[in-house]
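**Student:** Below is the file structure.cif, with mmCIF, C-alpha atoms (C1' of nucleotides).
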```
data_my_file
loop_
_atom_site.group_PDB
_atom_site.id
_atom_site.type_symbol
_atom_site.label_atom_id
_atom_site.label_comp_id
_atom_site.auth_asym_id
_atom_site.auth_seq_id
_atom_site.Cartn_x
_atom_site.Cartn_y
_atom_site.Cartn_z
ATOM 1 C CA MET A 635 95.283 82.820 111.970
ATOM 2 C CA ARG A 636 97.617 79.902 111.644
ATOM 3 C CA ILE A 637 100.489 79.095 113.893
ATOM 4 C CA HIS A 638 103.577 78.570 111.862
ATOM 5 C CA ALA A 639 106.411 76.269 112.637
ATOM 6 C CA VAL A 640 109.778 77.872 113.026
ATOM 7 C CA ASP A 641 112.703 76.637 111.043
ATOM 8 C CA VAL A 642 115.097 75.609 113.738
ATOM 9 C CA GLU A 643 117.961 74.936 111.430
ATOM 10 C CA GLN A 644 117.591 78.275 109.742
ATOM 11 C CA LYS A 645 117.935 76.952 106.265
ATOM 12 C CA GLU A 646 114.710 78.335 104.894
ATOM 13 C CA LYS A 647 114.309 81.449 102.891
ATOM 14 C CA ILE A 648 112.358 84.390 104.152
ATOM 15 C CA PRO A 649 109.091 82.962 105.384
ATOM 16 C CA ALA A 650 106.459 83.698 102.809
ATOM 17 C CA TRP A 651 103.760 83.707 105.449
ATOM 18 C CA CYS A 652 105.158 86.963 106.660
ATOM 19 C CA ALA A 653 102.839 88.797 104.338
ATOM 20 C CA GLY A 654 99.147 88.820 104.963
ATOM 21 C CA GLU A 655 99.590 87.570 108.479
ATOM 22 C CA ASP A 656 99.072 89.799 111.431
ATOM 23 C CA TRP A 657 102.601 89.382 112.602
ATOM 24 C CA CYS A 658 105.808 89.244 110.662
ATOM 25 C CA PRO A 659 109.295 88.467 111.950
ATOM 26 C CA VAL A 660 110.892 90.940 109.586
ATOM 27 C CA THR A 661 108.643 93.670 110.880
ATOM 28 C CA GLY A 662 109.392 92.614 114.417
ATOM 29 C CA THR A 663 113.111 92.793 113.865
ATOM 30 C CA ALA A 664 112.703 96.034 111.993
ATOM 31 C CA GLU A 665 111.021 97.574 115.017
ATOM 32 C CA LEU A 666 114.137 96.792 116.943
ATOM 33 C CA LEU A 667 116.646 97.951 114.380
ATOM 34 C CA ALA A 668 114.721 100.803 112.807
ATOM 35 C CA ASN A 669 116.468 103.249 115.049
ATOM 36 C CA LYS A 670 119.287 105.567 114.251
ATOM 37 C CA TRP A 671 121.689 104.104 116.790
ATOM 38 C CA HIS A 672 120.616 100.595 117.700
ATOM 39 C CA PRO A 673 122.424 98.803 114.893
ATOM 40 C CA VAL A 674 125.676 100.624 115.527
ATOM 41 C CA ILE A 675 125.502 100.087 119.252
ATOM 42 C CA VAL A 676 124.973 96.380 118.761
ATOM 43 C CA HIS A 677 127.755 96.333 116.235
ATOM 44 C CA ARG A 678 130.219 97.966 118.574
ATOM 45 C CA LEU A 679 129.305 95.636 121.389
ATOM 46 C CA LEU A 680 129.790 92.690 119.098
ATOM 47 C CA GLU A 681 133.297 93.914 118.403
ATOM 48 C CA HIS A 682 134.324 94.862 121.891
ATOM 49 C CA GLN A 683 132.416 92.431 124.101
ATOM 50 C CA GLU A 684 132.035 95.027 126.818
ATOM 51 C CA LEU A 685 132.336 98.755 127.000
ATOM 52 C CA GLY A 686 131.877 101.510 129.532
ATOM 53 C CA PHE A 687 129.418 104.273 128.865
ATOM 54 C CA ASN A 688 131.851 106.829 127.575
ATOM 55 C CA SER A 689 133.928 104.314 125.655
ATOM 56 C CA LEU A 690 130.767 103.271 123.929
ATOM 57 C CA LYS A 691 129.906 106.892 123.341
ATOM 58 C CA ASP A 692 133.278 107.369 121.673
ATOM 59 C CA GLU A 693 132.686 104.349 119.484
ATOM 60 C CA VAL A 694 129.260 105.445 118.414
ATOM 61 C CA ASP A 695 130.235 108.521 116.547
ATOM 62 C CA GLY A 696 127.979 111.516 116.930
ATOM 63 C CA VAL A 697 125.638 110.258 119.591
ATOM 64 C CA SER A 698 124.828 112.395 122.607
ATOM 65 C CA SER A 699 124.838 111.129 126.177
ATOM 66 C CA LYS A 700 121.139 111.506 126.439
ATOM 67 C CA VAL A 701 120.312 109.594 123.313
ATOM 68 C CA LEU A 702 122.871 106.904 123.971
ATOM 69 C CA SER A 703 121.433 106.460 127.420
ATOM 70 C CA GLU A 704 117.923 106.203 126.037
ATOM 71 C CA SER A 705 118.957 103.752 123.379
ATOM 72 C CA LEU A 706 120.720 101.568 125.897
ATOM 73 C CA ASP A 707 117.648 101.568 128.125
ATOM 74 C CA ASN A 708 115.649 100.536 125.154
ATOM 75 C CA LEU A 709 117.965 97.707 124.200
ATOM 76 C CA GLN A 710 118.114 96.617 127.790
ATOM 77 C CA ASN A 711 114.345 96.466 128.064
ATOM 78 C CA ARG A 712 114.237 94.346 124.955
ATOM 79 C CA GLY A 713 116.774 91.970 126.404
ATOM 80 C CA ILE A 714 119.487 92.787 123.894
ATOM 81 C CA VAL A 715 121.914 94.566 126.151
ATOM 82 C CA ARG A 716 123.096 93.802 129.662
ATOM 83 C CA LYS A 717 124.335 96.454 132.049
ATOM 84 C CA GLU A 718 126.519 95.759 135.026
ATOM 85 C CA VAL A 719 127.669 98.203 137.635
ATOM 86 C CA VAL A 720 131.302 97.508 138.361
ATOM 87 C CA ASP A 721 132.305 100.331 140.660
ATOM 88 C CA ARG A 722 130.844 103.373 142.207
ATOM 89 C CA SER A 723 132.896 106.436 142.969
ATOM 90 C CA PRO A 724 134.180 106.770 140.407
ATOM 91 C CA LYS A 725 131.180 105.073 138.929
ATOM 92 C CA ARG A 726 132.004 102.403 136.426
ATOM 93 C CA VAL A 727 129.642 100.262 134.391
ATOM 94 C CA LYS A 728 129.945 97.641 131.711
ATOM 95 C CA TYR A 729 127.641 97.225 128.786
ATOM 96 C CA SER A 730 127.578 93.985 126.886
ATOM 97 C CA LEU A 731 125.274 91.922 124.736
ATOM 98 C CA THR A 732 122.993 89.266 126.098
ATOM 99 C CA GLU A 733 122.753 85.897 124.409
ATOM 100 C CA LEU A 734 119.769 87.204 122.509
ATOM 101 C CA GLY A 735 121.702 90.263 121.479
ATOM 102 C CA SER A 736 124.653 88.223 120.308
ATOM 103 C CA ARG A 737 122.400 86.320 117.998
ATOM 104 C CA LEU A 738 121.958 89.551 116.052
ATOM 105 C CA GLU A 739 125.476 89.156 114.738
ATOM 106 C CA PRO A 740 124.453 87.649 111.382
ATOM 107 C CA VAL A 741 122.063 90.512 110.837
ATOM 108 C CA ILE A 742 124.667 93.146 111.593
ATOM 109 C CA GLU A 743 127.226 91.261 109.586
ATOM 110 C CA GLU A 744 125.017 91.249 106.513
ATOM 111 C CA MET A 745 124.364 94.921 106.995
ATOM 112 C CA GLY A 746 128.086 95.533 107.110
ATOM 113 C CA LYS A 747 128.683 93.473 104.011
ATOM 114 C CA TRP A 748 126.011 95.227 102.057
ATOM 115 C CA GLY A 749 127.325 98.588 103.118
ATOM 116 C CA SER A 750 130.893 97.671 102.259
ATOM 117 C CA ASN A 751 130.040 96.383 98.854
ATOM 118 C CA ASN A 752 127.292 98.709 97.798
ATOM 119 C CA LEU A 753 127.803 101.997 99.517
ATOM 120 C CA ARG A 754 130.640 104.359 99.068
ATOM 121 C CA LYS A 755 132.386 106.536 101.510
ATOM 122 C CA PRO A 756 131.264 110.108 100.962
ATOM 123 C CA ASP A 757 134.683 111.246 99.763
ATOM 124 C CA GLU A 758 134.810 108.522 97.143
ATOM 125 C CA TYR A 759 132.104 110.271 95.210
ATOM 126 C CA ALA A 760 134.411 113.121 94.281
ATOM 127 C CA MET B 592 142.017 108.588 106.998
ATOM 128 C CA ARG B 593 142.843 105.359 105.322
ATOM 129 C CA ILE B 594 141.133 103.895 102.353
ATOM 130 C CA HIS B 595 140.133 100.355 103.050
ATOM 131 C CA ALA B 596 139.946 97.532 100.615
ATOM 132 C CA VAL B 597 136.615 95.895 100.228
ATOM 133 C CA ASP B 598 136.275 92.174 100.640
ATOM 134 C CA VAL B 599 134.891 91.156 97.319
ATOM 135 C CA GLU B 600 134.229 87.603 98.261
ATOM 136 C CA GLN B 601 132.354 88.620 101.358
ATOM 137 C CA LYS B 602 133.996 86.107 103.594
ATOM 138 C CA GLU B 603 135.218 88.521 106.223
ATOM 139 C CA LYS B 604 133.580 89.284 109.489
ATOM 140 C CA ILE B 605 132.284 92.697 110.305
ATOM 141 C CA PRO B 606 135.040 95.103 109.355
ATOM 142 C CA ALA B 607 136.741 96.183 112.534
ATOM 143 C CA TRP B 608 137.708 99.454 110.951
ATOM 144 C CA CYS B 609 134.099 100.464 111.141
ATOM 145 C CA ALA B 610 134.756 101.985 114.526
ATOM 146 C CA GLY B 611 136.854 105.063 114.860
ATOM 147 C CA GLU B 612 136.677 105.805 111.180
ATOM 148 C CA ASP B 613 134.608 108.604 109.855
ATOM 149 C CA TRP B 614 132.459 106.284 107.839
ATOM 150 C CA CYS B 615 131.061 102.889 108.674
ATOM 151 C CA PRO B 616 129.213 100.505 106.402
ATOM 152 C CA VAL B 617 126.946 99.332 109.179
ATOM 153 C CA THR B 618 125.953 102.892 109.898
ATOM 154 C CA GLY B 619 125.428 103.493 106.223
ATOM 155 C CA THR B 620 123.143 100.523 105.893
ATOM 156 C CA ALA B 621 121.408 101.463 109.106
ATOM 157 C CA GLU B 622 120.555 104.845 107.665
ATOM 158 C CA LEU B 623 118.775 103.062 104.900
ATOM 159 C CA LEU B 624 116.952 100.547 107.029
ATOM 160 C CA ALA B 625 116.347 102.680 110.097
ATOM 161 C CA ASN B 626 112.893 103.502 108.898
ATOM 162 C CA LYS B 627 109.633 102.071 110.018
ATOM 163 C CA TRP B 628 108.661 100.725 106.625
ATOM 164 C CA HIS B 629 111.737 100.316 104.466
ATOM 165 C CA PRO B 630 112.667 96.818 105.585
ATOM 166 C CA VAL B 631 109.164 95.504 105.112
ATOM 167 C CA ILE B 632 108.778 97.121 101.734
ATOM 168 C CA VAL B 633 112.007 95.578 100.538
ATOM 169 C CA HIS B 634 110.962 92.279 102.002
ATOM 170 C CA ARG B 635 107.661 92.269 100.192
ATOM 171 C CA LEU B 636 109.286 93.185 96.925
ATOM 172 C CA LEU B 637 111.767 90.388 97.377
ATOM 173 C CA GLU B 638 108.879 87.985 97.700
ATOM 174 C CA HIS B 639 106.698 89.285 94.929
ATOM 175 C CA GLN B 640 109.161 90.608 92.356
ATOM 176 C CA GLU B 641 106.776 93.346 91.348
ATOM 177 C CA LEU B 642 103.734 94.938 92.855
ATOM 178 C CA GLY B 643 101.327 97.735 92.101
ATOM 179 C CA PHE B 644 100.901 100.544 94.548
ATOM 180 C CA ASN B 645 97.807 99.281 96.245
ATOM 181 C CA SER B 646 98.917 95.673 96.232
ATOM 182 C CA LEU B 647 102.038 96.785 97.971
ATOM 183 C CA LYS B 648 99.978 98.830 100.361
ATOM 184 C CA ASP B 649 97.961 95.736 101.206
ATOM 185 C CA GLU B 650 101.115 93.765 101.788
ATOM 186 C CA VAL B 651 102.646 96.370 104.038
ATOM 187 C CA ASP B 652 100.183 96.212 106.833
ATOM 188 C CA GLY B 653 99.207 99.472 108.441
ATOM 189 C CA VAL B 654 100.929 101.893 106.144
ATOM 190 C CA SER B 655 99.077 104.873 104.740
ATOM 191 C CA SER B 656 99.154 105.932 101.118
ATOM 192 C CA LYS B 657 101.072 109.021 101.946
ATOM 193 C CA VAL B 658 103.773 107.328 103.925
ATOM 194 C CA LEU B 659 104.097 104.463 101.501
ATOM 195 C CA SER B 660 104.462 106.949 98.706
ATOM 196 C CA GLU B 661 107.126 108.840 100.600
ATOM 197 C CA SER B 662 108.993 105.684 101.476
ATOM 198 C CA LEU B 663 108.962 104.518 97.887
ATOM 199 C CA ASP B 664 110.305 107.858 96.731
ATOM 200 C CA ASN B 665 113.020 107.511 99.266
ATOM 201 C CA LEU B 666 113.965 104.017 98.208
ATOM 202 C CA GLN B 667 113.840 105.062 94.604
ATOM 203 C CA ASN B 668 116.198 107.948 95.204
ATOM 204 C CA ARG B 669 118.616 105.607 96.889
ATOM 205 C CA GLY B 670 118.508 103.266 93.949
ATOM 206 C CA ILE B 671 116.834 100.428 95.817
ATOM 207 C CA VAL B 672 113.457 100.475 94.126
ATOM 208 C CA ARG B 673 112.478 100.858 90.505
ATOM 209 C CA LYS B 674 109.153 102.253 89.387
ATOM 210 C CA GLU B 675 107.628 101.671 86.017
ATOM 211 C CA VAL B 676 104.471 103.153 84.663
ATOM 212 C CA VAL B 677 102.573 100.434 82.857
ATOM 213 C CA ASP B 678 99.290 102.058 81.976
ATOM 214 C CA ARG B 679 97.510 105.278 82.427
ATOM 215 C CA SER B 680 93.758 105.519 82.771
ATOM 216 C CA PRO B 681 93.369 103.521 84.793
ATOM 217 C CA LYS B 682 96.850 104.294 85.934
ATOM 218 C CA ARG B 683 98.943 101.272 86.622
ATOM 219 C CA VAL B 684 102.498 101.106 87.916
ATOM 220 C CA LYS B 685 104.917 98.410 88.900
ATOM 221 C CA TYR B 686 107.338 98.600 91.753
ATOM 222 C CA SER B 687 110.278 96.254 91.876
ATOM 223 C CA LEU B 688 113.756 96.056 93.301
ATOM 224 C CA THR B 689 116.815 97.169 91.442
ATOM 225 C CA GLU B 690 119.900 95.012 91.376
ATOM 226 C CA LEU B 691 121.200 96.983 94.314
ATOM 227 C CA GLY B 692 117.966 96.461 96.152
ATOM 228 C CA SER B 693 117.972 92.759 95.487
ATOM 229 C CA ARG B 694 121.341 92.485 97.102
ATOM 230 C CA LEU B 695 119.638 93.404 100.375
ATOM 231 C CA GLU B 696 118.113 89.963 100.458
ATOM 232 C CA PRO B 697 120.676 88.463 102.841
ATOM 233 C CA VAL B 698 120.120 91.330 105.231
ATOM 234 C CA ILE B 699 116.365 90.941 105.191
ATOM 235 C CA GLU B 700 116.696 87.211 105.385
ATOM 236 C CA GLU B 701 118.790 87.400 108.520
ATOM 237 C CA MET B 702 116.318 89.822 109.999
ATOM 238 C CA GLY B 703 113.543 87.346 109.301
ATOM 239 C CA LYS B 704 115.488 84.497 110.808
ATOM 240 C CA TRP B 705 116.270 86.396 113.928
ATOM 241 C CA GLY B 706 112.678 87.455 114.290
ATOM 242 C CA SER B 707 111.388 83.949 113.731
ATOM 243 C CA ASN B 708 113.707 82.401 116.220
ATOM 244 C CA ASN B 709 113.879 85.048 118.860
ATOM 245 C CA LEU B 710 110.668 86.986 118.821
ATOM 246 C CA ARG B 711 107.246 85.744 119.616
ATOM 247 C CA LYS B 712 103.970 86.588 118.106
ATOM 248 C CA PRO B 713 102.080 88.849 120.483
ATOM 249 C CA ASP B 714 99.403 86.265 121.212
ATOM 250 C CA GLU B 715 101.972 83.686 122.181
ATOM 251 C CA TYR B 716 102.781 85.662 125.269
ATOM 252 C CA ALA B 717 99.422 84.873 126.834
ATOM 253 C "C1'" DC C 1457 132.815 108.547 135.044
ATOM 254 C "C1'" DG C 1458 128.171 107.916 133.908
ATOM 255 C "C1'" DG C 1459 124.584 109.676 133.557
ATOM 256 C "C1'" DC C 1460 119.772 112.650 134.116
ATOM 257 C "C1'" DA C 1461 117.111 117.177 133.554
ATOM 258 C "C1'" DT C 1462 115.564 120.520 130.575
ATOM 259 C "C1'" DC C 1463 114.312 122.602 126.605
ATOM 260 C "C1'" DC C 1464 113.738 122.659 121.894
ATOM 261 C "C1'" DA C 1465 113.847 121.729 116.662
ATOM 262 C "C1'" DC C 1466 112.685 118.941 113.354
ATOM 263 C "C1'" DA C 1467 111.489 114.607 111.086
ATOM 264 C "C1'" DT C 1468 108.273 111.129 110.849
ATOM 265 C "C1'" DG C 1469 104.153 109.347 110.406
ATOM 266 C "C1'" DG C 1470 98.840 109.230 110.979
ATOM 267 C "C1'" DA C 1471 93.973 110.865 109.477
ATOM 268 C "C1'" DT C 1472 91.219 112.566 106.224
ATOM 269 C "C1'" DA C 1473 89.934 114.226 101.998
ATOM 270 C "C1'" DC C 1474 90.435 114.826 97.236
ATOM 271 C "C1'" DT C 1475 92.075 114.181 92.225
ATOM 272 C "C1'" DG C 1476 93.513 112.663 87.250
ATOM 273 C "C1'" DC D 905 94.284 102.804 90.440
ATOM 274 C "C1'" DA D 906 97.743 105.617 92.223
ATOM 275 C "C1'" DG D 907 98.647 108.825 94.279
ATOM 276 C "C1'" DT D 908 98.698 114.314 96.401
ATOM 277 C "C1'" DA D 909 97.214 117.845 99.729
ATOM 278 C "C1'" DT D 910 96.575 119.295 104.293
ATOM 279 C "C1'" DC D 911 96.864 119.354 108.843
ATOM 280 C "C1'" DC D 912 98.350 117.703 113.030
ATOM 281 C "C1'" DA D 913 100.296 114.575 116.946
ATOM 282 C "C1'" DT D 914 104.059 112.537 118.368
ATOM 283 C "C1'" DG D 915 108.578 110.799 118.475
ATOM 284 C "C1'" DT D 916 113.278 111.277 118.079
ATOM 285 C "C1'" DG D 917 117.155 113.278 118.650
ATOM 286 C "C1'" DG D 918 120.324 117.538 119.492
ATOM 287 C "C1'" DA D 919 122.365 121.169 122.867
ATOM 288 C "C1'" DT D 920 123.488 122.424 127.159
ATOM 289 C "C1'" DG D 921 124.076 122.078 131.890
ATOM 290 C "C1'" DC D 922 124.283 119.817 136.263
ATOM 291 C "C1'" DC D 923 125.002 116.074 139.619
ATOM 292 C "C1'" DG D 924 126.618 112.058 142.618
#
```
Show this structure as C-alpha cells.
**Tutor:**
Amino acid sequence: MRIHAVDVEQKEKIPAWCAGEDWCPVTGTAELLANKWHPVIVHRLLEHQELGFNSLKDEVDGVSSKVLSESLDNLQNRGIVRKEVVDRSPKRVKYSLTELGSRLEPVIEEMGKWGSNNLRKPDEYA
Amino acid sequence: MRIHAVDVEQKEKIPAWCAGEDWCPVTGTAELLANKWHPVIVHRLLEHQELGFNSLKDEVDGVSSKVLSESLDNLQNRGIVRKEVVDRSPKRVKYSLTELGSRLEPVIEEMGKWGSNNLRKPDEYA
DNA sequence: CGGCATCCACATGGATACTG
DNA sequence: CAGTATCCATGTGGATGCCG
C-alpha cells in the first residue's frame, strides 16, 4: 500500500488512487454523510451558526427528538458538531459546527446546487 | 408556499429558503446520496466512464452482488445511471452515468477533497 | 427546554447458493 | 459474465411517554 500525498491546495480532481486502494476519501466522507439527517443538520448549522435543540429540531423537518439526539451524538463523536450547555433550569444548550464541520460547507453547497438545478419540488411534477 | 427561482449560474450560496420550506434541495440530494454505496458507485463511474458489472464490483470494495445490483437499479430509476446490454452469452453490460449523473461530479469531488484533507487512513492513526 | 427510555416496524445490507 | 433467490442479522428510524 502506498501513502499518497494530499493536495493541499485542493486543485486536483478526484484522486484516482481512491479505487483499488484499501481506503478512499470519498468512501470515508460517504460514511459520514450517508445518513438520513446528517447532511441537513450540517446544512442548518452552517446557516444559523448555533441553534438550540428544539430550534434545530424545527429546522430539520420531520426528525424526532430521539433520532436528532442520536445524530447529534454521532456528529459530535466525529468532531463535526460542538455542544455547549448554556443554562440549566430551564436547560439551554447550543449546537454549532466545529472547524472540521465548517469545512463541509463546500460539500453541502454542491449538494444544494445539484438539488436546486436537477431535482424538482414534488408539486412541480404535476 | 412560494416558488423559488433557481440560480442558473450556480453562483449563489446554499439557498437559505431551504429551511422552513416543505422541500429542500439539500435534503433531496441527501436522499440520493444517503446510501452506503451510491456515492462510491457514482465516483467510480466518474473515473472510468463505463464499467461492466463485475469490474464495478471490484472497484466498489466490499459490496456484494446483490446489493450492488439493487443500488444500480436504484440509481437507474433515479436517472443517474445508464445500463446498456452489449452482448449476451457471455452476457456483457456497460454501466455509465447519465448526463444528470455526471453533474454530480462537483458533489463527489468536494466529498473527496474533504475526505483527503480531513480524514485519515485508518493505519495513520497508529 | 432538552432530552432519554422503551418498544417496535421496516429498510438495508450481508452470506450463500444458484442460474442463463 | 451478470446477475437472482433466499434467508437472516442488524441498523435505523418512528411513536409515545416521561423526566429533571
**Student:** Return as a list in words the set of residues that the PyMOL selection byres ((chain D and resi 909) around 12) yields on the displayed structure.
**Tutor:** Lys657 of chain B; DT1472, DA1473, DC1474 and DT1475 of chain C; DG907, DT908, DT910 and DC911 of chain D
**Student:** At a cut-off of 9 Å, list the chain D residues touching chain A, using only C-alpha atoms (C1' of nucleotides), as a list in words.
**Tutor:**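 So the contacting residues turn out to be DT916, DG917, DG918 and DG924 of chain D.
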**Student:** Please evaluate the PyMOL selection byres ((chain B and resi 642) around 6) against the structure above and give the resulting residues as number ranges by chain.
**Tutor:** B: 641, 643, 646-647, 685-686
**Student:** Using all atoms listed in the file, tabulate the residues of chain A lying at most 6 Å from any atom of chain B, each with its closest atom pair and that distance in Å to one decimal, by chain and increasing residue number, as JSON lines.
**Tutor:**
```
{"residue": "A:Ile648", "atom": "CA", "partner": "B:Glu700", "partner_atom": "CA", "distance": 5.3}
{"residue": "A:Ala653", "atom": "CA", "partner": "B:Glu650", "partner_atom": "CA", "distance": 5.8}
{"residue": "A:Pro659", "atom": "CA", "partner": "B:Gly706", "partner_atom": "CA", "distance": 4.2}
{"residue": "A:Val660", "atom": "CA", "partner": "B:Gly703", "partner_atom": "CA", "distance": 4.5}
{"residue": "A:Thr663", "atom": "CA", "partner": "B:Gly706", "partner_atom": "CA", "distance": 5.4}
{"residue": "A:Ala668", "atom": "CA", "partner": "B:Ala625", "partner_atom": "CA", "distance": 3.7}
{"residue": "A:Asn669", "atom": "CA", "partner": "B:Ala625", "partner_atom": "CA", "distance": 5.0}
{"residue": "A:Lys670", "atom": "CA", "partner": "B:Ala625", "partner_atom": "CA", "distance": 5.9}
{"residue": "A:Glu693", "atom": "CA", "partner": "B:Ala610", "partner_atom": "CA", "distance": 5.9}
{"residue": "A:Val741", "atom": "CA", "partner": "B:Glu701", "partner_atom": "CA", "distance": 5.1}
{"residue": "A:Glu743", "atom": "CA", "partner": "B:Ile605", "partner_atom": "CA", "distance": 5.3}
{"residue": "A:Glu744", "atom": "CA", "partner": "B:Val698", "partner_atom": "CA", "distance": 5.1}
{"residue": "A:Met745", "atom": "CA", "partner": "B:Val617", "partner_atom": "CA", "distance": 5.6}
{"residue": "A:Gly746", "atom": "CA", "partner": "B:Val617", "partner_atom": "CA", "distance": 4.5}
{"residue": "A:Gly749", "atom": "CA", "partner": "B:Pro616", "partner_atom": "CA", "distance": 4.2}
{"residue": "A:Ser750", "atom": "CA", "partner": "B:Pro616", "partner_atom": "CA", "distance": 5.3}
```
**Student:** Considering only C-alpha atoms (C1' of nucleotides), give me a table of residues in chain C that are at most 10 Å from chain B, with the closest atom pair and distance in Å for each, as JSON lines.
**Tutor:**
```
{"residue": "C:DT1468", "atom": "C1'", "partner": "B:Val658", "partner_atom": "CA", "distance": 9.1}
{"residue": "C:DG1469", "atom": "C1'", "partner": "B:Val658", "partner_atom": "CA", "distance": 6.8}
{"residue": "C:DG1470", "atom": "C1'", "partner": "B:Ser655", "partner_atom": "CA", "distance": 7.6}
{"residue": "C:DA1471", "atom": "C1'", "partner": "B:Ser655", "partner_atom": "CA", "distance": 9.2}
{"residue": "C:DG1476", "atom": "C1'", "partner": "B:Ser680", "partner_atom": "CA", "distance": 8.4}
```
**Student:** Create the file for the chosen residues now, containing C-alpha atoms (C1' of nucleotides) and written as an mmCIF file, in the frame of the given file.
**Tutor:**
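Output contents, as saved in part_17.cif:
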```
data_model
loop_
_atom_site.group_PDB
_atom_site.id
_atom_site.type_symbol
_atom_site.label_atom_id
_atom_site.label_comp_id
_atom_site.auth_asym_id
_atom_site.auth_seq_id
_atom_site.Cartn_x
_atom_site.Cartn_y
_atom_site.Cartn_z
ATOM 1 C "C1'" DT C 1468 108.273 111.129 110.849
ATOM 2 C "C1'" DG C 1469 104.153 109.347 110.406
ATOM 3 C "C1'" DG C 1470 98.840 109.230 110.979
ATOM 4 C "C1'" DA C 1471 93.973 110.865 109.477
ATOM 5 C "C1'" DG C 1476 93.513 112.663 87.250
#
```
**Student:** Care to translate the PyMOL selection byres ((chain C and resi 1464) around 9) into actual residues of this file, as JSON, numbers by chain?
**Tutor:** {"C": [1463, 1465], "D": [918, 919]}
**Student:** Between A:Val719, A:Val676, A:Ile714, A:Leu731, which has the minimum distance to C:DG1458 (counting only C-alpha atoms (C1' of nucleotides))?
**Tutor:**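 Of the candidates, the smallest distance to C:DG1458 is held by A:Val719.
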**Student:** For atom CA of A:Leu706 and atom C1' of C:DC1466, determine how far apart the two atoms are, in Å to one decimal place.
**Tutor:**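 Computing the Euclidean distance for atom CA of A:Leu706 and atom C1' of C:DC1466 yields 22.9 Å.
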**Student:** Could you tell me how far atom CA of B:Val672 sits from atom C1' of C:DA1467, in Å to one decimal place?
**Tutor:**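 Atom CA of B:Val672 lies 22.2 Å from atom C1' of C:DA1467.
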**Student:** Around all listed atoms of stretch 689-705 of chain B, padded 8 Å per side, what centre and edge lengths does the axis-aligned box have in Å to one decimal, as AutoDock Vina command-line options?
**Tutor:**
```
--center_x 117.4 --center_y 90.8 --center_z 102.7 --size_x 23.8 --size_y 28.7 --size_z 38.6
```
**Student:** How many Å lie between atom C1' of D:DA906 and atom CA of B:Ser662, rounded to one decimal?
**Tutor:**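 Interatomic distance, atom C1' of D:DA906 to atom CA of B:Ser662: 14.6 Å.
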**Student:** Excluding D:DC923 and its own-chain neighbours fewer than 4 positions away, which residues fall within 12 Å of it when counting only C-alpha atoms (C1' of nucleotides)? Please give them as a compact mmCIF listing (two decimals) with C-alpha atoms (C1' of nucleotides), in the coordinates of the input.
**Tutor:**
```
# COMPACT_ATOMS: atom_id res chain seq x y z
C1' DC C 1457 132.82 108.55 135.04
C1' DG C 1458 128.17 107.92 133.91
C1' DG C 1459 124.58 109.68 133.56
C1' DC C 1460 119.77 112.65 134.12
C1' DA C 1461 117.11 117.18 133.55
```
